[in-house]
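Shown here: start-v9.tsv, TSV, C-alpha atoms.
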```tsv
chain	number	residue	atom	x	y	z
A	1	MET	CA	50.33	159.85	124.03
A	2	ASP	CA	50.48	158.83	120.39
A	3	ILE	CA	47.95	161.18	118.81
A	4	ASN	CA	48.21	159.36	115.51
A	5	ALA	CA	46.77	156.14	116.96
A	6	ASP	CA	43.03	155.44	116.84
A	7	VAL	CA	43.15	153.35	120.00
A	8	ASP	CA	45.24	154.25	123.04
A	9	PRO	CA	46.53	150.92	124.41
A	10	THR	CA	48.10	152.56	127.46
A	11	ASP	CA	44.83	153.85	128.90
A	12	SER	CA	43.87	150.86	131.06
A	13	GLU	CA	41.53	152.77	133.39
A	14	ASP	CA	38.83	153.33	130.79
A	15	SER	CA	35.56	151.52	131.21
A	16	PRO	CA	34.54	148.71	128.83
A	17	ASP	CA	32.01	151.08	127.24
A	18	GLU	CA	34.72	153.65	126.50
A	19	GLU	CA	36.98	150.97	125.08
A	20	ALA	CA	34.16	149.69	122.89
A	21	LEU	CA	33.55	153.24	121.65
A	22	ARG	CA	37.21	153.65	120.71
A	23	GLN	CA	37.20	150.35	118.90
A	24	TYR	CA	34.03	151.33	117.06
A	25	ARG	CA	35.54	154.64	115.95
A	26	ALA	CA	38.74	152.97	114.81
A	27	LYS	CA	36.76	150.51	112.70
A	28	LEU	CA	34.59	153.32	111.37
A	29	TRP	CA	37.56	155.42	110.22
A	30	ALA	CA	39.38	152.39	108.81
A	31	GLY	CA	36.35	151.59	106.66
A	32	ALA	CA	35.74	155.14	105.42
A	33	GLU	CA	35.13	155.44	101.69
A	34	ARG	CA	37.19	158.66	101.48
A	35	ARG	CA	40.14	159.47	103.68
A	36	LEU	CA	43.43	161.30	103.56
A	37	TRP	CA	45.59	158.41	104.70
A	38	HIS	CA	45.81	154.76	105.62
A	39	THR	CA	47.34	153.80	108.96
A	40	SER	CA	49.67	150.85	109.37
A	41	VAL	CA	47.19	149.05	111.64
A	42	GLU	CA	44.13	149.22	109.40
A	43	GLY	CA	42.67	146.16	107.74
A	44	THR	CA	42.24	142.55	108.77
A	45	VAL	CA	44.89	139.87	109.12
A	46	GLY	CA	43.68	138.26	105.92
A	47	GLN	CA	43.76	141.51	103.96
A	48	ARG	CA	47.26	142.44	105.06
A	49	LEU	CA	48.68	138.98	104.43
A	50	ARG	CA	47.05	138.72	100.99
A	51	GLU	CA	48.42	142.12	100.05
A	52	LEU	CA	51.90	141.04	101.11
A	53	VAL	CA	51.70	137.70	99.31
A	54	ASP	CA	50.42	139.35	96.12
A	55	TRP	CA	53.35	141.77	96.13
A	56	ALA	CA	55.85	139.00	96.93
A	57	GLU	CA	54.61	136.96	93.99
A	58	SER	CA	54.68	139.90	91.60
A	59	GLU	CA	58.27	140.78	92.61
A	60	GLY	CA	59.64	137.24	92.68
A	61	HIS	CA	59.98	136.93	96.47
A	62	ALA	CA	57.30	134.29	97.05
A	63	ASP	CA	59.76	131.41	96.58
A	64	ASP	CA	62.51	132.93	98.72
A	65	PRO	CA	63.44	130.84	101.77
A	66	VAL	CA	62.34	132.09	105.17
A	67	ASP	CA	65.01	133.74	107.29
A	68	MET	CA	66.62	132.28	110.38
A	69	TYR	CA	68.22	134.61	112.94
A	70	GLY	CA	68.69	137.48	110.53
A	71	ASN	CA	69.84	135.86	107.32
A	72	GLY	CA	68.20	135.72	103.89
A	73	ILE	CA	65.51	138.33	103.33
A	74	VAL	CA	66.52	140.23	106.48
A	75	GLU	CA	70.02	140.65	105.05
A	76	GLU	CA	68.45	141.89	101.82
A	77	VAL	CA	66.60	144.60	103.76
A	78	GLU	CA	69.85	145.60	105.46
A	79	ARG	CA	71.65	145.87	102.13
A	80	ARG	CA	68.83	147.91	100.65
A	81	VAL	CA	68.72	150.35	103.56
A	82	ALA	CA	72.48	150.87	103.50
A	83	GLU	CA	72.22	151.53	99.76
A	84	GLU	CA	69.31	153.97	100.11
A	85	LEU	CA	71.08	155.92	102.86
A	86	GLY	CA	74.52	155.74	101.30
A	87	LEU	CA	76.03	154.33	104.51
A	88	PRO	CA	78.46	151.42	104.87
A	89	ALA	CA	76.20	148.98	106.73
A	90	ALA	CA	72.77	148.54	108.31
A	91	VAL	CA	71.26	146.23	110.93
A	92	PHE	CA	67.61	145.14	111.09
A	93	PHE	CA	65.88	145.56	114.48
A	94	PRO	CA	62.41	144.51	115.62
A	95	THR	CA	61.77	147.99	117.09
A	96	GLY	CA	63.14	151.49	116.82
A	97	THR	CA	63.30	151.81	120.61
A	98	MET	CA	65.81	148.96	120.69
A	99	ALA	CA	67.73	150.23	117.66
A	100	GLN	CA	68.31	153.66	119.20
A	101	GLN	CA	69.26	152.33	122.62
A	102	VAL	CA	71.83	150.09	120.98
A	103	ALA	CA	73.17	152.93	118.81
A	104	LEU	CA	73.60	155.31	121.71
A	105	ARG	CA	75.08	152.62	123.91
A	106	CYS	CA	77.68	151.89	121.23
A	107	TRP	CA	78.53	155.58	120.92
A	108	ALA	CA	78.73	155.99	124.71
A	109	GLY	CA	81.39	153.30	124.81
A	110	ARG	CA	83.39	155.04	122.10
A	111	THR	CA	83.10	158.58	123.43
A	112	GLY	CA	83.39	157.66	127.08
A	113	SER	CA	80.26	159.70	127.82
A	114	PRO	CA	76.80	158.27	128.65
A	115	VAL	CA	75.23	161.72	128.18
A	116	VAL	CA	72.96	162.31	125.18
A	117	GLY	CA	71.90	165.79	124.12
A	118	LEU	CA	68.38	165.83	122.68
A	119	HIS	CA	65.08	167.71	122.64
A	120	PRO	CA	62.62	167.24	125.53
A	121	LEU	CA	59.94	166.36	122.94
A	122	ALA	CA	62.13	163.68	121.34
A	123	HIS	CA	60.58	160.23	121.16
A	124	PRO	CA	62.78	158.61	123.85
A	125	GLU	CA	61.84	161.33	126.33
A	126	VAL	CA	58.09	161.22	125.68
A	127	HIS	CA	57.14	157.76	124.46
A	128	GLU	CA	59.62	155.21	125.83
A	129	GLY	CA	59.08	155.18	129.59
A	130	GLY	CA	62.56	156.40	130.52
A	131	ALA	CA	64.20	153.45	128.78
A	132	PHE	CA	67.48	155.25	128.12
A	133	GLY	CA	68.22	155.53	131.83
A	134	ALA	CA	66.41	152.44	133.10
A	135	VAL	CA	67.78	149.97	130.57
A	136	SER	CA	70.91	151.42	129.02
A	137	GLY	CA	72.40	153.60	131.74
A	138	LEU	CA	72.28	156.68	129.55
A	139	ARG	CA	71.50	160.21	130.75
A	140	THR	CA	69.92	162.98	128.71
A	141	VAL	CA	70.31	166.74	128.65
A	142	HIS	CA	68.00	169.15	126.86
A	143	LEU	CA	69.55	171.74	124.58
A	144	THR	CA	66.40	173.83	124.04
A	145	ASP	CA	62.78	174.00	125.17
A	146	ALA	CA	61.60	175.74	122.00
A	147	PRO	CA	59.28	173.71	119.69
A	148	ARG	CA	62.07	173.13	117.16
A	149	LEU	CA	65.42	171.42	116.89
A	150	PRO	CA	68.32	173.12	118.70
A	151	THR	CA	70.35	175.77	116.94
A	152	ALA	CA	74.10	175.63	116.42
A	153	GLU	CA	74.53	178.30	119.06
A	154	GLU	CA	72.52	176.27	121.60
A	155	VAL	CA	74.64	173.22	120.86
A	156	ARG	CA	77.90	175.16	121.26
A	157	ASP	CA	76.81	177.00	124.41
A	158	HIS	CA	75.21	174.18	126.37
A	159	PRO	CA	77.00	174.21	129.75
A	160	GLU	CA	77.15	170.43	130.24
A	161	PRO	CA	79.26	168.04	128.16
A	162	PHE	CA	77.56	165.33	126.12
A	163	GLY	CA	79.01	162.57	124.01
A	164	THR	CA	76.21	162.22	121.45
A	165	LEU	CA	73.83	164.71	119.89
A	166	MET	CA	70.57	163.05	118.90
A	167	LEU	CA	68.37	164.87	116.39
A	168	GLU	CA	64.84	163.69	115.60
A	169	LEU	CA	64.11	164.46	111.95
A	170	PRO	CA	61.37	165.58	111.81
A	171	LEU	CA	60.55	166.47	115.42
A	172	ARG	CA	57.14	164.81	115.53
A	173	ASP	CA	55.66	166.15	118.77
A	174	ALA	CA	56.43	169.75	117.78
A	175	GLY	CA	54.44	169.33	114.56
A	176	PHE	CA	56.77	167.26	112.37
A	177	VAL	CA	59.12	170.22	112.08
A	178	LEU	CA	62.53	170.34	110.42
A	179	PRO	CA	65.32	172.89	110.42
A	180	SER	CA	66.52	174.31	107.12
A	181	TRP	CA	69.37	172.48	105.43
A	182	ASP	CA	71.84	175.21	106.38
A	183	GLU	CA	70.63	175.12	109.99
A	184	LEU	CA	71.03	171.35	110.12
A	185	THR	CA	74.56	171.41	108.74
A	186	GLU	CA	75.50	174.15	111.20
A	187	VAL	CA	74.11	172.14	114.13
A	188	VAL	CA	76.10	169.07	113.07
A	189	GLU	CA	79.24	171.17	112.73
A	190	ALA	CA	78.67	172.62	116.21
A	191	ALA	CA	78.41	169.10	117.65
A	192	ARG	CA	81.67	168.14	115.94
A	193	GLU	CA	83.34	171.17	117.50
A	194	ARG	CA	82.41	169.68	120.88
A	195	ASP	CA	83.79	166.26	119.86
A	196	ALA	CA	80.28	164.83	120.03
A	197	VAL	CA	79.02	162.23	117.58
A	198	VAL	CA	75.69	162.82	115.82
A	199	HIS	CA	72.85	160.33	115.67
A	200	PHE	CA	69.68	160.91	113.64
A	201	ASP	CA	66.39	159.61	114.97
A	202	GLY	CA	65.15	159.20	111.42
A	203	ALA	CA	61.96	157.23	112.03
A	204	ARG	CA	60.45	159.55	109.41
A	205	LEU	CA	63.67	160.52	107.64
A	206	TRP	CA	62.32	159.10	104.38
A	207	GLU	CA	60.05	162.12	103.82
A	208	CYS	CA	62.63	164.83	104.67
A	209	THR	CA	64.10	165.04	101.17
A	210	THR	CA	61.48	167.47	99.85
A	211	LEU	CA	62.10	170.26	102.35
A	212	PHE	CA	65.87	169.80	102.39
A	213	GLY	CA	66.10	169.52	98.62
A	214	ARG	CA	68.69	166.78	99.14
A	215	GLY	CA	68.75	163.04	98.57
A	216	LEU	CA	68.79	160.53	101.40
A	217	PRO	CA	72.53	159.79	101.15
A	218	GLU	CA	73.45	163.46	101.54
A	219	ILE	CA	71.10	163.84	104.51
A	220	ALA	CA	72.17	160.62	106.23
A	221	GLY	CA	75.80	161.39	105.46
A	222	LEU	CA	75.76	164.26	107.94
A	223	ALA	CA	75.32	161.84	110.85
A	224	ASP	CA	77.51	159.15	112.39
A	225	SER	CA	74.50	156.82	112.61
A	226	VAL	CA	70.88	156.86	111.51
A	227	TYR	CA	67.81	154.94	112.61
A	228	VAL	CA	64.88	154.52	110.21
A	229	SER	CA	61.45	152.94	110.67
A	230	PHE	CA	59.59	150.71	108.24
A	231	TYR	CA	56.02	151.04	109.54
A	232	LYS	CA	55.55	154.76	110.13
A	233	SER	CA	55.86	156.09	106.57
A	234	LEU	CA	56.52	152.99	104.49
A	235	GLY	CA	53.48	150.99	105.63
A	236	GLY	CA	55.44	148.01	106.92
A	237	LEU	CA	54.19	145.59	109.54
A	238	SER	CA	56.96	146.50	112.00
A	239	GLY	CA	60.70	146.78	112.21
A	240	ALA	CA	63.48	149.31	111.96
A	241	ALA	CA	67.07	149.59	110.82
A	242	LEU	CA	70.18	151.19	112.24
A	243	ALA	CA	72.82	152.30	109.74
A	244	GLY	CA	76.36	153.57	110.09
A	245	PRO	CA	80.02	152.50	110.07
A	246	GLU	CA	80.86	148.80	109.68
A	247	ASP	CA	82.53	148.45	113.08
A	248	VAL	CA	79.69	150.17	114.94
A	249	MET	CA	77.11	148.02	113.16
A	250	GLU	CA	79.04	144.87	114.08
A	251	GLU	CA	78.90	145.89	117.72
A	252	ALA	CA	75.20	146.75	117.26
A	253	ARG	CA	74.58	143.14	116.21
A	254	VAL	CA	76.10	141.95	119.47
A	255	TRP	CA	73.93	144.29	121.52
A	256	ARG	CA	70.85	143.41	119.46
A	257	HIS	CA	71.27	139.81	120.61
A	258	ARG	CA	71.80	140.89	124.23
A	259	TYR	CA	68.66	143.02	124.13
A	260	GLY	CA	66.60	140.11	122.83
A	261	GLY	CA	66.28	141.45	119.31
A	262	LEU	CA	67.78	138.50	117.41
A	263	VAL	CA	64.39	137.08	116.49
A	264	ALA	CA	64.25	133.60	114.96
A	265	GLN	CA	62.12	134.58	111.95
A	266	GLN	CA	61.12	138.03	110.75
A	267	TYR	CA	60.31	137.44	107.10
A	268	PRO	CA	56.80	139.00	107.18
A	269	ALA	CA	58.18	142.25	108.64
A	270	ALA	CA	61.22	142.16	106.36
A	271	LEU	CA	59.11	141.49	103.27
A	272	SER	CA	56.80	144.38	104.17
A	273	ALA	CA	59.87	146.59	104.60
A	274	LEU	CA	61.04	145.72	101.09
A	275	ARG	CA	57.57	146.45	99.77
A	276	GLY	CA	57.55	149.85	101.51
A	277	LEU	CA	60.94	150.75	100.06
A	278	ALA	CA	59.80	149.77	96.58
A	279	VAL	CA	56.22	151.09	96.61
A	280	GLU	CA	55.84	153.86	99.20
A	281	LEU	CA	59.28	155.48	99.27
A	282	PRO	CA	59.07	156.84	95.69
A	283	LEU	CA	55.65	158.36	96.44
A	284	LEU	CA	56.59	160.25	99.60
A	285	PRO	CA	57.58	163.49	97.80
A	286	SER	CA	54.11	163.63	96.22
A	287	TYR	CA	52.54	163.13	99.64
A	288	VAL	CA	54.60	166.00	101.06
A	289	ARG	CA	53.64	168.35	98.23
A	290	HIS	CA	49.95	167.54	98.54
A	291	ALA	CA	50.01	167.92	102.32
A	292	ARG	CA	50.74	171.60	101.69
A	293	VAL	CA	47.58	171.87	99.56
A	294	VAL	CA	45.55	170.18	102.28
A	295	ALA	CA	46.99	172.35	105.07
A	296	GLU	CA	46.29	175.57	103.19
A	297	ALA	CA	42.69	174.52	102.50
A	298	VAL	CA	42.12	173.61	106.16
A	299	ARG	CA	43.56	176.91	107.34
A	300	GLU	CA	41.53	178.94	104.83
A	301	GLU	CA	38.29	177.22	105.72
A	302	PHE	CA	38.82	177.76	109.45
A	303	ALA	CA	39.31	181.47	108.74
A	304	ALA	CA	36.25	181.64	106.46
A	305	ALA	CA	34.12	179.91	109.09
A	306	GLY	CA	35.20	182.35	111.80
A	307	VAL	CA	36.33	179.55	114.08
A	308	GLY	CA	38.39	181.94	116.16
A	309	TRP	CA	41.69	180.69	117.55
A	310	SER	CA	42.98	177.83	115.42
A	311	ARG	CA	46.32	176.66	114.14
A	312	VAL	CA	47.78	174.54	111.41
A	313	CYS	CA	51.31	173.71	112.58
A	314	PRO	CA	53.55	174.23	110.77
A	315	GLU	CA	51.62	176.63	108.55
A	316	VAL	CA	53.33	175.10	105.52
A	317	PRO	CA	54.00	171.43	106.37
A	318	HIS	CA	57.60	170.28	106.33
A	319	THR	CA	56.60	166.67	105.63
A	320	HIS	CA	53.34	164.89	104.74
A	321	GLN	CA	52.16	165.19	108.35
A	322	PHE	CA	51.18	168.21	110.43
A	323	GLN	CA	49.18	169.27	113.48
A	324	VAL	CA	45.78	170.96	113.64
A	325	TRP	CA	44.61	172.86	116.75
A	326	LEU	CA	41.06	173.99	117.59
A	327	PRO	CA	39.50	175.67	120.67
A	328	TYR	CA	37.16	172.84	121.71
A	329	ASP	CA	37.11	169.88	124.05
A	330	PRO	CA	38.89	166.95	122.39
A	331	GLU	CA	36.00	164.56	123.02
A	332	VAL	CA	33.62	166.96	121.27
A	333	LEU	CA	35.87	167.08	118.23
A	334	THR	CA	36.44	163.33	118.21
A	335	ALA	CA	32.68	162.79	118.33
A	336	ALA	CA	32.20	165.22	115.44
A	337	ALA	CA	34.85	163.43	113.40
A	338	ALA	CA	33.16	160.08	113.96
A	339	ALA	CA	29.72	161.54	113.18
A	340	GLN	CA	31.03	162.94	109.90
A	341	THR	CA	32.45	159.60	108.82
A	342	GLU	CA	29.34	157.70	109.88
A	343	ALA	CA	27.03	160.07	107.96
A	344	THR	CA	29.12	160.75	104.84
A	345	GLY	CA	31.74	158.00	104.58
A	346	THR	CA	34.45	160.68	104.66
A	347	ALA	CA	37.23	160.64	107.25
A	348	LEU	CA	38.95	164.02	107.52
A	349	PHE	CA	39.99	164.18	111.18
A	350	ARG	CA	40.13	161.27	113.61
A	351	ARG	CA	40.98	161.39	117.31
A	352	TRP	CA	41.66	164.69	119.04
A	353	PHE	CA	43.67	165.10	122.24
A	354	SER	CA	44.41	167.56	124.99
A	355	PRO	CA	47.88	169.08	124.58
A	356	GLY	CA	48.70	168.04	128.14
A	357	ALA	CA	49.86	170.01	131.16
A	358	GLY	CA	52.31	172.10	129.18
A	359	GLY	CA	49.86	173.16	126.50
A	360	PRO	CA	47.27	175.94	126.35
A	361	PRO	CA	43.96	175.24	128.13
A	362	GLU	CA	40.63	174.53	126.41
A	363	VAL	CA	42.14	173.52	123.09
A	364	ALA	CA	42.58	170.21	121.30
A	365	VAL	CA	45.15	168.92	118.83
A	366	THR	CA	45.16	166.23	116.18
A	367	GLU	CA	47.45	165.17	113.35
A	368	LEU	CA	46.70	165.03	109.65
A	369	THR	CA	48.63	162.78	107.30
A	370	VAL	CA	48.47	162.65	103.52
A	371	THR	CA	49.22	159.36	101.77
A	372	ARG	CA	47.99	157.77	98.56
A	373	PRO	CA	44.21	158.17	99.10
A	374	GLY	CA	44.73	161.83	100.00
A	375	LEU	CA	46.20	162.61	96.60
A	376	GLU	CA	42.68	162.40	95.15
A	377	TRP	CA	41.42	165.27	97.33
A	378	THR	CA	41.30	168.71	95.75
A	379	ALA	CA	41.54	171.86	97.84
A	380	GLU	CA	37.77	172.29	97.47
A	381	ASP	CA	37.21	168.71	98.62
A	382	VAL	CA	39.17	169.54	101.77
A	383	ARG	CA	37.30	172.77	102.36
A	384	ALA	CA	33.94	171.05	101.91
A	385	ALA	CA	34.93	168.35	104.37
A	386	VAL	CA	36.08	170.97	106.89
A	387	ARG	CA	32.76	172.81	106.57
A	388	ASP	CA	30.83	169.61	107.14
A	389	PHE	CA	33.01	168.72	110.14
A	390	LEU	CA	32.53	172.13	111.74
A	391	SER	CA	28.76	171.86	111.31
A	392	ARG	CA	28.78	168.72	113.47
A	393	ILE	CA	30.55	170.23	116.47
A	394	GLU	CA	28.15	170.39	119.41
A	395	GLY	CA	28.38	172.77	122.28
```
For this file, produce the structure as structure tokens.
Amino acid sequence: MDINADVDPTDSEDSPDEEALRQYRAKLWAGAERRLWHTSVEGTVGQRLRELVDWAESEGHADDPVDMYGNGIVEEVERRVAEELGLPAAVFFPTGTMAQQVALRCWAGRTGSPVVGLHPLAHPEVHEGGAFGAVSGLRTVHLTDAPRLPTAEEVRDHPEPFGTLMLELPLRDAGFVLPSWDELTEVVEAARERDAVVHFDGARLWECTTLFGRGLPEIAGLADSVYVSFYKSLGGLSGAALAGPEDVMEEARVWRHRYGGLVAQQYPAALSALRGLAVELPLLPSYVRHARVVAEAVREEFAAAGVGWSRVCPEVPHTHQFQVWLPYDPEVLTAAAAAQTEATGTALFRRWFSPGAGGPPEVAVTELTVTRPGLEWTAEDVRAAVRDFLSRIEG
């Protein structure tokens, strides 16, 4: 389950009343006067289109011709991504799911191995319905069960051969966690020792530069291919890019067509990607730094309130997103979050979720993100909001 979404579109068994309640909460949080972040699905069609048109006019894109089957503005996005990542070429895809299947299929053909080593919490294993095996004929092996990326030793010692090592940076479902730079380089070296290629699931790679203390080209340069998303951190409408060697990207274009990804026109998504690269990308380091202020204030206020068992994970965020855990029923906490926003106009937390069968019982987890509106919050603002939220928990 995507615990960063306000509405769960996969839950078709809910009653109309429950669906109406979710929709009400989503609208409530989207309209909050004070919040830590905007989501990519907030706002109306008119608002989003006007915002995009205003930016296009200010940057001289309004008179650009629309694209047709990947030319024009889509090619501009591809050039810009390749430049940002310091890689030879990039290909625009309508979704990251498709981009990564294509990447790993290309590498399987080159290595002769359909086996992909990854983490069991990686996005393809948790959120894509077994697409690797069902659609692409790939098979996965898990190199560790720990809530972190695998170590170099785990890569070297895994008993089964694999042709590609896939690393999700950051590992979202473990709390947006990253290895250290030295650990990452050692893991990549260990994969090379096994003659495996390395692919980065970099949906959120854009915000990894702060922790690593390295620029995007140096980070991306460790891998043989990299996928990046335009809507998760950059606020785009949709879309993704795959970047890597020229010959692999040429093959990726062939497979993109075969998978149904050669869309006739994608200029709204491509334009929003350019806007995200120009407007949001330079701000991400400030979001990451302020997320650490927010996380510390949340943790301190939980301790001061005597909440009992609670967690901010990781304790010092690696990116501008992190998990928060509390020992209550998720519906109780979701109701308290909505009540706080309704009464005060402040959205601190949003939906809370059960950690699932593998998690500890009688606890709930949510995610906090810091983007532009969150930069205005001081540590005391956060603490005050936490106190108010805790006062609204019933039961």
For stretch 311-322 of chain A, what centre and edge lengths in Å (one decimal) does the axis-aligned box get once 6 Å is added on each side of all its listed atoms, as lines of an AutoDock Vina configuration file?
```
center_x = 52.0
center_y = 170.8
center_z = 109.4
size_x = 23.3
size_y = 23.8
size_z = 21.4
```
ask   = So what do you get for atom CA of A:Val288 versus atom CA of A:Leu234, distance-wise?
value =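 Interatomic distance, atom CA of A:Val288 to atom CA of A:Leu234: 13.6 Å.
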request  = Have a look at atom CA of A:Val198 and atom CA of A:Ser225 and let me know their distance in Å, one decimal.
outcome  = 6.9 Å
Within 9 Å of stretch 200-219 of chain A: each stretch 77-115 of chain A residue with its shortest pair, only C-alpha atoms, as CSV:
```
residue,atom,partner,partner_atom,distance
A:Glu83,CA,A:Pro217,CA,8.4
A:Glu84,CA,A:Leu216,CA,6.7
A:Leu85,CA,A:Pro217,CA,4.5
A:Gly86,CA,A:Pro217,CA,4.5
A:Leu87,CA,A:Pro217,CA,7.3
A:Gly96,CA,A:Ala203,CA,7.6
A:Gln100,CA,A:Asp201,CA,7.5
```
task = Mind checking which residues fall within 9 Å of stretch 58-61 of chain A, counting all atoms listed in the file, ignoring those fewer than 4 positions away in the same chain, and posting them as a PyMOL selection string?
result = chain A and resi 53-54+65+73+271
